[in-house]
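structure.cif, holding mmCIF, C-alpha atoms:
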data_my_file
#
loop_
_atom_site.label_atom_id
_atom_site.label_comp_id
_atom_site.auth_asym_id
_atom_site.auth_seq_id
_atom_site.Cartn_x
_atom_site.Cartn_y
_atom_site.Cartn_z
CA MET A 9 -122.63 26.06 86.06
CA SER A 10 -120.57 23.58 84.02
CA PRO A 11 -121.68 19.92 83.54
CA ARG A 12 -118.87 18.79 85.86
CA GLU A 13 -120.00 21.19 88.58
CA THR A 14 -123.62 20.07 88.08
CA ASP A 15 -122.67 16.40 88.45
CA ALA A 16 -120.64 17.14 91.57
CA ALA A 17 -123.56 18.99 93.16
CA GLN A 18 -125.94 16.14 92.28
CA ASN A 19 -123.59 13.56 93.78
CA THR A 20 -123.34 15.58 96.97
CA ARG A 21 -127.12 15.68 97.28
CA ARG A 22 -127.35 11.94 96.69
CA PHE A 23 -124.71 11.19 99.31
CA SER A 24 -126.44 13.38 101.87
CA ALA A 25 -129.79 11.75 101.15
CA ALA A 26 -128.27 8.29 101.40
CA ALA A 27 -126.59 9.09 104.71
CA TRP A 28 -129.84 10.43 106.10
CA ALA A 29 -131.79 7.43 104.77
CA VAL A 30 -129.37 4.90 106.28
CA GLY A 31 -129.39 6.54 109.66
CA ALA A 32 -133.11 7.13 109.94
CA GLY A 33 -134.10 4.01 108.01
CA THR A 34 -132.07 1.69 110.18
CA ILE A 35 -133.66 2.96 113.36
CA LEU A 36 -137.23 3.19 112.06
CA GLY A 37 -137.06 0.02 110.00
CA ALA A 38 -135.62 -2.01 112.85
CA ALA A 39 -138.22 -0.78 115.28
CA ALA A 40 -141.13 -1.35 112.92
CA GLY A 41 -139.83 -4.73 111.73
CA MET A 42 -139.18 -6.05 115.22
CA LYS A 43 -142.65 -5.08 116.30
CA ALA A 44 -144.28 -6.64 113.25
CA ALA A 45 -142.32 -9.88 112.74
CA GLY A 46 -139.33 -10.07 115.02
CA ILE A 47 -135.87 -10.66 113.55
CA LEU A 48 -137.27 -11.46 110.13
CA GLY A 49 -139.16 -8.20 110.19
CA VAL A 50 -135.96 -6.33 111.01
CA LEU A 51 -134.14 -7.91 108.07
CA VAL A 52 -136.92 -6.88 105.70
CA GLY A 53 -137.94 -3.60 107.30
CA VAL A 54 -134.52 -1.94 107.47
CA PRO A 55 -133.66 -1.99 103.72
CA VAL A 56 -137.24 -1.18 102.73
CA THR A 57 -137.36 1.81 105.07
CA ILE A 58 -133.93 3.04 103.94
CA ALA A 59 -135.00 2.90 100.29
CA PHE A 60 -138.28 4.65 101.08
CA ILE A 61 -136.60 7.47 103.02
CA TYR A 62 -133.93 7.90 100.35
CA ASN A 63 -136.46 8.23 97.54
CA VAL A 64 -138.64 10.62 99.48
CA THR A 65 -135.63 12.75 100.43
CA MET A 66 -134.41 12.96 96.82
CA LEU A 67 -137.90 13.85 95.64
CA ILE A 68 -138.08 16.72 98.13
CA VAL A 69 -134.57 17.93 97.24
CA ASN A 70 -135.29 17.93 93.51
CA MET A 71 -138.62 19.69 93.93
CA THR A 72 -137.02 22.34 96.14
CA GLY A 73 -134.33 22.94 93.53
CA ARG A 74 -136.86 23.40 90.75
CA VAL A 75 -138.96 25.80 92.81
CA ALA A 76 -135.90 27.86 93.77
CA GLY A 77 -134.81 27.96 90.15
CA SER A 78 -138.22 29.14 88.97
CA VAL A 79 -138.18 31.96 91.54
CA THR A 80 -134.62 33.05 90.84
CA LEU A 81 -134.78 32.56 87.08
CA PRO A 82 -138.47 32.73 86.05
CA SER A 83 -139.49 31.01 82.82
CA GLY A 84 -136.06 29.44 82.66
CA LYS A 85 -134.41 32.76 81.87
CA SER A 86 -131.28 33.94 83.60
CA THR A 87 -130.20 37.54 84.18
CA PRO A 88 -130.05 39.23 80.78
CA PRO A 89 -126.47 39.35 79.50
CA LYS A 90 -124.73 42.66 78.97
CA ARG A 91 -125.83 44.03 75.64
CA ASP A 92 -123.26 43.74 72.90
CA TYR A 93 -122.51 46.71 70.69
CA SER A 94 -119.52 45.11 69.00
CA LEU A 95 -120.94 45.60 65.49
CA ALA A 96 -121.08 49.37 65.90
CA GLN A 97 -117.67 49.34 67.54
CA SER A 98 -116.24 47.35 64.64
CA PHE A 99 -117.49 50.05 62.27
CA VAL A 100 -115.67 52.64 64.38
CA ALA A 101 -112.47 50.58 64.28
CA ARG A 102 -112.69 50.49 60.47
CA GLU A 103 -113.50 54.22 60.35
CA ARG A 104 -116.94 53.53 58.90
CA TYR A 105 -118.38 56.23 61.07
CA GLU A 106 -121.71 56.67 59.26
CA ASP A 107 -122.42 52.96 59.68
CA ALA A 108 -121.41 53.18 63.34
CA ILE A 109 -123.76 56.11 63.88
CA SER A 110 -126.65 54.20 62.32
CA ALA A 111 -125.91 51.13 64.47
CA TYR A 112 -125.72 53.16 67.68
CA GLU A 113 -128.88 55.12 66.86
CA LEU A 114 -130.71 51.85 66.25
CA ALA A 115 -129.46 50.55 69.61
CA CYS A 116 -130.65 53.73 71.33
CA ALA A 117 -134.11 53.21 69.89
CA GLU A 118 -134.18 49.52 70.81
CA TYR A 119 -132.65 49.82 74.28
CA ALA A 120 -133.75 53.30 75.30
CA ASP A 121 -133.04 52.63 78.97
CA ASP A 122 -129.39 51.71 78.39
CA PRO A 123 -127.04 54.73 78.46
CA GLU A 124 -124.18 52.84 76.79
CA PRO A 125 -125.10 53.40 73.10
CA TYR A 126 -125.90 57.07 73.78
CA LEU A 127 -122.51 57.60 75.42
CA ARG A 128 -120.58 55.74 72.74
CA LEU A 129 -122.31 57.80 70.09
CA ALA A 130 -121.58 61.04 71.93
CA ARG A 131 -117.89 60.13 72.24
CA LEU A 132 -117.76 59.13 68.59
CA TYR A 133 -118.98 62.58 67.61
CA ARG A 134 -116.57 64.21 70.04
CA ASP A 135 -113.39 62.22 69.51
CA LYS A 136 -113.58 60.99 65.91
CA LEU A 137 -115.84 63.40 64.05
CA ARG A 138 -115.04 66.51 66.11
CA ASP A 139 -118.73 67.47 66.00
CA LEU A 140 -118.90 68.87 69.52
CA HIS A 141 -122.44 70.21 69.34
CA GLU A 142 -123.78 66.82 68.29
CA ALA A 143 -121.71 65.21 71.04
CA VAL A 144 -123.33 67.46 73.66
CA LEU A 145 -126.75 66.59 72.26
CA TRP A 146 -126.18 62.85 72.74
CA PHE A 147 -124.65 63.27 76.19
CA LYS A 148 -127.77 65.16 77.23
CA ARG A 149 -130.03 62.53 75.69
CA ALA A 150 -128.23 59.82 77.62
CA ARG A 151 -128.80 61.72 80.84
CA ALA A 152 -132.45 62.49 80.09
CA GLU A 153 -133.70 59.34 78.36
CA ALA A 154 -131.67 56.41 79.69
CA LYS A 155 -131.57 55.00 83.19
CA VAL A 156 -128.35 56.35 84.63
CA SER A 157 -126.90 55.94 88.09
CA ALA A 158 -125.86 58.94 90.16
CA ARG A 159 -122.23 58.25 89.25
CA GLN A 160 -123.04 58.07 85.54
CA GLU A 161 -125.00 61.32 85.76
CA GLN A 162 -122.02 63.02 87.34
CA LEU A 163 -119.58 61.76 84.70
CA ILE A 164 -121.89 62.71 81.83
CA THR A 165 -122.33 66.22 83.20
CA PHE A 166 -118.59 66.67 83.65
CA GLU A 167 -118.04 65.59 80.03
CA ILE A 168 -120.55 68.21 78.88
CA VAL A 169 -118.80 70.84 81.01
CA GLU A 170 -115.44 69.89 79.54
CA ILE A 171 -116.73 70.34 76.00
CA TYR A 172 -118.25 73.76 76.69
CA ARG A 173 -115.38 75.03 78.79
CA ASP A 174 -112.29 73.65 77.07
CA ARG A 175 -113.18 72.57 73.55
CA LEU A 176 -115.80 75.05 72.43
CA GLY A 177 -114.44 77.87 74.55
CA VAL A 178 -117.87 78.96 75.80
CA PRO A 179 -117.54 78.52 79.58
CA ALA A 180 -120.77 80.45 80.17
CA LYS A 181 -122.68 77.47 78.75
CA ALA A 182 -121.06 75.23 81.36
CA ILE A 183 -122.53 77.28 84.18
CA PRO A 184 -126.02 75.68 84.11
CA GLU A 185 -124.42 72.21 84.03
CA LEU A 186 -122.29 72.93 87.09
CA ALA A 187 -125.27 74.51 88.85
CA ARG A 188 -127.21 71.32 88.18
CA LEU A 189 -124.47 69.20 89.77
CA ALA A 190 -124.14 71.50 92.77
CA GLU A 191 -127.89 71.34 93.37
CA ARG A 192 -128.37 67.63 92.67
CA PHE A 193 -125.45 66.49 94.82
CA VAL A 194 -125.40 69.06 97.58
CA ASN A 195 -123.14 68.30 100.56
CA THR A 196 -121.09 65.78 98.59
CA ALA A 197 -117.54 65.98 97.25
CA VAL A 198 -118.89 66.18 93.70
CA GLY A 199 -121.40 68.87 94.62
CA ASP A 200 -118.80 70.92 96.48
CA SER A 201 -116.35 70.65 93.57
CA ALA A 202 -119.04 71.72 91.11
CA LYS A 203 -120.00 74.65 93.33
CA GLN A 204 -116.39 75.81 93.53
CA GLU A 205 -115.85 75.60 89.77
CA LEU A 206 -119.22 77.26 89.21
CA GLN A 207 -118.10 80.30 91.16
CA GLN A 208 -114.82 80.42 89.24
CA LEU A 209 -116.63 80.32 85.90
CA ARG A 210 -119.07 83.01 86.98
CA ASP A 211 -116.18 85.27 88.02
CA ARG A 212 -114.44 84.56 84.73
CA THR A 213 -117.57 85.31 82.73
CA ILE A 214 -118.07 88.62 84.54
CA HIS A 215 -114.44 89.53 83.93
CA ASP A 216 -114.64 88.65 80.24
CA ALA A 217 -117.86 90.62 79.87
CA SER A 218 -116.25 93.66 81.47
CA ALA A 219 -113.24 93.33 79.21
CA GLY A 220 -115.54 93.10 76.20
CA GLU A 221 -117.27 96.34 77.10
CA LEU A 222 -113.94 98.11 77.07
CA GLN A 223 -112.79 96.65 73.77
CA PRO A 224 -114.93 98.82 71.44
CA LYS A 225 -113.64 102.02 73.11
CA ARG A 226 -110.04 100.95 72.62
CA ALA A 227 -110.82 100.15 69.00
CA ARG A 228 -112.31 103.61 68.53
CA ASP A 229 -109.27 105.21 70.16
CA ASP A 230 -107.04 103.32 67.77
CA ASP A 231 -109.13 104.41 64.81
CA ASP A 232 -109.06 108.04 65.97
CA SER A 233 -105.29 107.98 66.35
CA ASP A 234 -105.00 107.27 62.65
CA SER A 235 -106.58 110.66 61.95
CA GLU A 236 -104.50 112.56 64.42
CA GLU A 237 -101.43 114.57 63.54
CA GLY A 238 -98.37 112.41 63.50
CA TYR A 239 -100.06 109.71 61.43
CA VAL A 240 -97.58 108.51 58.84
CA SER A 241 -99.08 107.33 55.58
CA LEU A 242 -97.66 104.16 54.13
CA GLN A 243 -98.80 105.11 50.63
CA PRO A 244 -96.01 106.29 48.29
CA GLU A 245 -96.16 109.94 47.41
#
Conversion result in structure tokens:
Amino acid sequence: MSPRETDAAQNTRRFSAAAWAVGAGTILGAAAGMKAAGILGVLVGVPVTIAFIYNVTMLIVNMTGRVAGSVTLPSGKSTPPKRDYSLAQSFVARERYEDAISAYELACAEYADDPEPYLRLARLYRDKLRDLHEAVLWFKRARAEAKVSARQEQLITFEIVEIYRDRLGVPAKAIPELARLAERFVNTAVGDSAKQELQQLRDRTIHDASAGELQPKRARDDDDSDSEEGYVSLQPE
């Protein structure tokens, strides 16, 4: 809250306390003063009672504010700000990738529950260094070691699947990742999508395996054809 906003809030509290003190103090002070000393008592009792009520009201308001603040923000500390990884990011911007890696690894060790440095490091390996195996390693560490939401877990797993399936060209390694999603998020759109893609990858893997079994035979047939009659040598006679 800015100083101007703080002053405005304080003025509002003072006005409310004063209004309450005038209303209650006039009635109580007049009654007590009239009973004690007649008109003279009223003239003295009203302002004294108003001042008393005002001071008591402000004391209660201020104490309530301090108590509420200590509960909401214990020890005077507010909600921790979002951690800043700008130093590591500046290294990336200047293509000082080794320095960026060191900075992100240090952040992972210091803030092990925060997935952000893990994910930035994984994407650095993937997008800048083209080290896809190291990228997968850091994506998996983010998922296993940091505190990730369900949405973050889904996105991380999909990024791992994308690397295995599209970049490394080993879709069979994406199968356990998709199975994990299908099991973890059953009866959800994400789980259903993962289940559908899982079946497609399994069918593709079976097809590729079958095609691979046939390949050696075709190679042998080709080799045998070279020894058959009709083979034309390319060597000069």
Notebook entry, point to check: With all atoms listed in the file as the atoms that count, which of A:Leu186, A:Ile168, A:Ala130, A:Val30 lies nearest to Val198 in chain A?
Noted result: A:Leu186
Notebook entry, point to check: If the PyMOL selection byres ((chain A and resi 166) around 12) is run on the structure shown, which residues does it catch, given as number ranges by chain?
Noted result: A: 144, 147-148, 151, 159-165, 167-174, 182-190, 198-199, 201-202, 205-206
For the selection you just gave me, I'd like the residues written to a file as an mmCIF file, in the coordinates of the input, keeping C-alpha atoms.
data_model
loop_
_atom_site.group_PDB
_atom_site.id
_atom_site.type_symbol
_atom_site.label_atom_id
_atom_site.label_comp_id
_atom_site.auth_asym_id
_atom_site.auth_seq_id
_atom_site.Cartn_x
_atom_site.Cartn_y
_atom_site.Cartn_z
ATOM 1 C CA VAL A 144 -123.330 67.460 73.660
ATOM 2 C CA PHE A 147 -124.650 63.270 76.190
ATOM 3 C CA LYS A 148 -127.770 65.160 77.230
ATOM 4 C CA ARG A 151 -128.800 61.720 80.840
ATOM 5 C CA ARG A 159 -122.230 58.250 89.250
ATOM 6 C CA GLN A 160 -123.040 58.070 85.540
ATOM 7 C CA GLU A 161 -125.000 61.320 85.760
ATOM 8 C CA GLN A 162 -122.020 63.020 87.340
ATOM 9 C CA LEU A 163 -119.580 61.760 84.700
ATOM 10 C CA ILE A 164 -121.890 62.710 81.830
ATOM 11 C CA THR A 165 -122.330 66.220 83.200
ATOM 12 C CA GLU A 167 -118.040 65.590 80.030
ATOM 13 C CA ILE A 168 -120.550 68.210 78.880
ATOM 14 C CA VAL A 169 -118.800 70.840 81.010
ATOM 15 C CA GLU A 170 -115.440 69.890 79.540
ATOM 16 C CA ILE A 171 -116.730 70.340 76.000
ATOM 17 C CA TYR A 172 -118.250 73.760 76.690
ATOM 18 C CA ARG A 173 -115.380 75.030 78.790
ATOM 19 C CA ASP A 174 -112.290 73.650 77.070
ATOM 20 C CA ALA A 182 -121.060 75.230 81.360
ATOM 21 C CA ILE A 183 -122.530 77.280 84.180
ATOM 22 C CA PRO A 184 -126.020 75.680 84.110
ATOM 23 C CA GLU A 185 -124.420 72.210 84.030
ATOM 24 C CA LEU A 186 -122.290 72.930 87.090
ATOM 25 C CA ALA A 187 -125.270 74.510 88.850
ATOM 26 C CA ARG A 188 -127.210 71.320 88.180
ATOM 27 C CA LEU A 189 -124.470 69.200 89.770
ATOM 28 C CA ALA A 190 -124.140 71.500 92.770
ATOM 29 C CA VAL A 198 -118.890 66.180 93.700
ATOM 30 C CA GLY A 199 -121.400 68.870 94.620
ATOM 31 C CA SER A 201 -116.350 70.650 93.570
ATOM 32 C CA ALA A 202 -119.040 71.720 91.110
ATOM 33 C CA GLU A 205 -115.850 75.600 89.770
ATOM 34 C CA LEU A 206 -119.220 77.260 89.210
#
Please write out, as AutoDock Vina command-line options, where the centre of an axis-aligned box around all listed atoms of range 171-174 of chain A lies and how long its edges are, in Å to one decimal, after adding 6 Å on each side.
--center_x -115.3 --center_y 72.7 --center_z 77.4 --size_x 18.0 --size_y 16.7 --size_z 14.8
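As for CA of Leu51 in chain A and CA of Thr65 in chain A, they are spaced 22.1 Å apart.
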Near-Ala143 in chain A list (8 Å; all atoms listed in the file; drop same-chain fewer than 3 positions) as a tab-separated table (two decimals) with C-alpha atoms, in the frame of the given file:
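As a result, out_29.tsv now contains:
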chain	number	residue	atom	x	y	z
A	129	LEU	CA	-122.31	57.80	70.09
A	130	ALA	CA	-121.58	61.04	71.93
A	131	ARG	CA	-117.89	60.13	72.24
A	132	LEU	CA	-117.76	59.13	68.59
A	133	TYR	CA	-118.98	62.58	67.61
A	134	ARG	CA	-116.57	64.21	70.04
A	139	ASP	CA	-118.73	67.47	66.00
A	140	LEU	CA	-118.90	68.87	69.52
A	146	TRP	CA	-126.18	62.85	72.74
A	147	PHE	CA	-124.65	63.27	76.19
Checklist line | Exercise: Asp92 in chain A partners within 12 Å, only C-alpha atoms, chain neighbours under 2 positions left out, as a ChimeraX atom specification | finding: /A:88-90,94-98,111-112,115,119,122,124-125
With C-alpha atoms retained, export the selected residues as an mmCIF file, in the frame of the given file.
data_model
loop_
_atom_site.group_PDB
_atom_site.id
_atom_site.type_symbol
_atom_site.label_atom_id
_atom_site.label_comp_id
_atom_site.auth_asym_id
_atom_site.auth_seq_id
_atom_site.Cartn_x
_atom_site.Cartn_y
_atom_site.Cartn_z
ATOM 1 C CA PRO A 88 -130.050 39.230 80.780
ATOM 2 C CA PRO A 89 -126.470 39.350 79.500
ATOM 3 C CA LYS A 90 -124.730 42.660 78.970
ATOM 4 C CA SER A 94 -119.520 45.110 69.000
ATOM 5 C CA LEU A 95 -120.940 45.600 65.490
ATOM 6 C CA ALA A 96 -121.080 49.370 65.900
ATOM 7 C CA GLN A 97 -117.670 49.340 67.540
ATOM 8 C CA SER A 98 -116.240 47.350 64.640
ATOM 9 C CA ALA A 111 -125.910 51.130 64.470
ATOM 10 C CA TYR A 112 -125.720 53.160 67.680
ATOM 11 C CA ALA A 115 -129.460 50.550 69.610
ATOM 12 C CA TYR A 119 -132.650 49.820 74.280
ATOM 13 C CA ASP A 122 -129.390 51.710 78.390
ATOM 14 C CA GLU A 124 -124.180 52.840 76.790
ATOM 15 C CA PRO A 125 -125.100 53.400 73.100
#
Check: Any idea what the distance is between CA of Ala26 in chain A and CA of Val64 in chain A?
Finding: 10.8 Å
Note to self: Residues within 10 Å of range 212-214 of chain A, please, as an NGL selection string. Count only C-alpha atoms; anything in the same chain fewer than 3 positions from it doesn't count.
What the structure shows: :A and (178-180 or 183 or 206-209 or 217-220)
